[in-house]
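Heads up: the structure comes next, in structure tokens.
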Amino acid sequence: MNSDRQDNLPFFDMPDGEGIFDRQMHMPLFGTRWAAPVEVIVKRDGRREAFDKRKIAASILRAAPEGATLEADTASSIASAVSIYLSKRLNGDPASADQVSDAVERVLIQMNQVDAGLAYARYRDRRARIRRLRKGDMQALLSELEEARQERGAGLAKDMELNVQTSQDRLVKWNRSRIVEALQLETRLDAGMASVIAAEVETQIEQAGITVLTASLVRELVGAKLIEHGLVEENDLRRRLGVPLYDASRIIRGCTAEALCATPKDTDNILARAVKKEYALAEVFSTPVTQAHLLGRIHINELEFVDRLYSCEQHVATASVFGQVREDIPEIKHGNGSPAAVVAAIMKHHDFLQTFFSRSVDWHGFNFLAAPFVARAGDPELRLFARTIIREFAYRAFLRKRSPMRISICWNLPAHMAGMAAPGLESGTGDSYHTLEPVARRLFSALLEAFGAGDASGYDFTAPVVEVVLDDGLFQTLEGNAGLLLAARTALQRPNICFRRKERGAVPEAVLSKTAWGNLNLIWHRVTLNLPRAAVVAEDEQGLWEELDRLCDIAVNAHEEKREFLEALLDPDGCAPLSPLARALQHAQDPGLNTGTFMVTVDGLSECAEILLGTGQAAFGARTRLMENILAHLSGSLKQKSGRAGILCLLAANADPEISRRFAAVDAGLYPRLMDSIIKTDKQTQVSSYTPGTALPGDHALNPYERARVEGAMHALLKDCPFTCMPIPLSEASETTVADLLKKVFYQTTCKGLWLKRNHS
């Protein structure tokens, strides 16, 4: 229904053919009485699309200068004005893309949106340049850039000095062609596109008025231009590794946690490891593997040592092969060398090997392997040798500030050494390791006594970790029982004494050499699985099996990628960082590199079961059964997936508390409810963590034997030697009690290892 007020609208007098915006736009328009609206726009490639004012408004907003207050309603009104203007100009004919852009610019200027109009003109020009780039018209674009630079007077004056400070501590004159060459070398860009990027960077530098550049600033400017042109992958290829200046300054000044009380050499290592860690995540491992690590689904062990193997158990006898223990030295050849000479030879070989492994090089059956070199030593010399070797191991662990090395000592000859000729003895005597058993047992006792005595001040040794191998001989003979009591007494006196079950047939025949020169248990790499996260994601048991299979896929892929990277470094005929190790093992006829293993370790197994079945004591039996089923499923899945990949991938338990703490911290941020009931918090340090590996939480009301029995059932499903941590109250324990407990655990459970945790309460 029409109102009388509509006849008196507050508009200026105007012809019926004019629009309400025409007073603002003094444009020469045709005086037609009726203008048909524009309904079709012809794109630059000839396609026809429906005319849409919303797209015009969106382009105006995109082109608006930074900080502008142009609102969506204003942009929509301007788009309506553009539609009216085009209707009057074209009278219903299709509009071309250029006609629409021209109309937008004109309307913006006429409506006093000058800043927006200029921004739209620049936006339009940039899009035109991008289209020309896509068509490959590089030379024409370079000419335009050069001409525009000259017109603006922003070009470099010929007498202007612009220098670049290079990473080689030199100042060189600016040369745009260096950017072109670097882009072609690092990103494989064609010369035309690289020249465009270099020209735009040069223009930006000129406009900024900079006279001295750094190489890092130039790289940042080039990276910004690559991203601006949509060349993200090319920019990733030229990514620079390192730490920001602020972080580097804090590390060098000792203001970070890892640099506290650090020496200048330590800060060297911290900065170098940061670069290698970035390189590993950017170059060695694929994006899915890297993302799984960063999200806390898995943990890639020793990323900062990506160019090293993980660990191995080594023979003292290999020192002869590498020329460290020379058989042409009469004192060592006849087994009566001084303790200092033997220790120096062993440690020299140890230091040589340690440079190629991220974790410590361990020594299996150390007392038997060292026996040939101290065969004729008296008791004083043997005790001196034991004290000296332990102090040397402790000193090296202090310098490395990493996991201490391990030495295992055996009362009886290890099965794989039976009948093996002992090196270091005069050839032709027929002596073997079996004939050296009395010497090895004397050394067994001397090492434990030296460890129990502590350092020069009587304090505990922080390294090495001494593993006492348990076998029938320790329990069934009087001499063996005396050795067992000595080991138990030492474990009550000092930390870092643990007990390890002798594995029957655990070492694959392929890994063993017929001489003592070979490596045992050479491990290439380790990846740890976050089992509590898998349980949270899965929500039920059926979903858990599927999630575990996905984690196994990621872990095996990570091992394949690490193997491919290391194989390039293990070229015995090349000059790669691991070539000396490859040549040494090749000379020793060692099969270790061909039979090395890849480990997948699990963490938080107990918390995984608690998430699915609850934390109550009534569900303890169901939780332990689920834990065993999880390990069995993982073992089968890894065997299948690693078999297809052609690698030996074994299941193990995580023993690194740092990994357990990292998983707990990441999961607590993503799933805060886990902090209330699942994640464990240390009462003294208030540090949150999962229970490492396959262990049971410490708050379970289990006596030491029951804990060993329950955890031993899971040990049987693992391929390495996990340890059950067993708190022992010093005020109540005696060496006889500990020896009886060890015997009971050895014969009545499948527990592979015991670590006595001394409780001073």
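Residues are referred to by chain and number: the chain letter is A, B, ... according to the order shown in the structure tokens, the number counts from 1 in that chain, and ligands are numbered separately from 1 in the order shown.
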
query: Got a sec: who's within 10 Å of A:Leu448, counting only C-alpha atoms, leaving out chain neighbours fewer than 2 positions off, as a PyMOL selection string?
result: chain A and resi 386-387+390+409+443-446+450-453+466+468+483+486-491+497

How would the residues just chosen look if you wrote them out with C-alpha atoms as a compact mmCIF listing (two decimals), in the first residue's frame?
# COMPACT_ATOMS: atom_id res chain seq x y z
CA ALA A 386 89.30 -52.86 38.95
CA ARG A 387 89.51 -49.51 40.77
CA ILE A 390 85.60 -48.07 37.29
CA ILE A 409 79.86 -59.41 34.87
CA LEU A 443 87.99 -60.05 38.59
CA PHE A 444 84.24 -60.46 39.29
CA SER A 445 84.92 -60.05 43.02
CA ALA A 446 87.51 -57.29 42.55
CA ALA A 450 86.00 -51.61 44.12
CA PHE A 451 82.48 -50.43 43.35
CA GLY A 452 81.37 -50.98 46.94
CA ALA A 453 84.31 -48.98 48.31
CA VAL A 466 77.09 -52.95 36.94
CA VAL A 468 75.35 -59.04 37.65
CA GLY A 483 79.87 -64.25 44.78
CA LEU A 486 79.07 -60.15 47.65
CA ALA A 487 76.87 -58.77 44.85
CA ALA A 488 73.87 -58.46 47.21
CA ARG A 489 75.98 -56.68 49.82
CA THR A 490 77.30 -54.24 47.22
CA ALA A 491 73.75 -53.54 45.97
CA ILE A 497 73.96 -52.44 40.88

- prompt: With distances taken over only C-alpha atoms, which of A:Glu304, A:Thr694, A:Ala652, A:Trp411 is nearest to A:Glu479?
  reply: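 Ranked by minimum distance to A:Glu479, first place goes to A:Trp411.
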
- request: Enter the distance from atom CA of A:Ala397 to atom CA of A:Ser360, in Å, rounded to one decimal.
  value: 8.8 Å

task: May I ask which of the residues A:Asp472, A:Glu560, A:Glu105, A:Asp573 is the closest one to A:Lys743, counting only C-alpha atoms?
output: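 Nearest to A:Lys743: A:Asp472.
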
query: If we count only C-alpha atoms, what is near A:Ala64 at a cut-off of 8 Å, once residues fewer than 6 positions away on the same chain are taken out, given as a list in words?
result: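 So, after excluding close chain neighbours, the residues are Leu70, Asp115, Ala116, Ala119 and Tyr120 of chain A.
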
- request: Write out as a ChimeraX atom specification each polymer residue whose atoms come within 9 Å of A:Ile407, counting only C-alpha atoms; drop sequence neighbours fewer than 6 positions from it.
  value: /A:313,362-367,464-468

- prompt: What residues in stretch 178-397 of chain A get the DSSP label strand (DSSP E)? Please answer as number ranges by chain.
  reply: A: 212-214, 298-300, 311-314, 361-363

message: Which residue is closest to A:Tyr671? Choose from A:Ile630, A:Leu638, A:Ile197, A:Val536 and count only C-alpha atoms.
response: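 Looking at the shortest contact to A:Tyr671, the residue is A:Val536.
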
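For the residues A:Cys725, A:Ala708, A:Leu260, A:Leu522, ranking by smallest atom-to-atom distance to A:Leu648 using only C-alpha atoms places A:Leu522 first.
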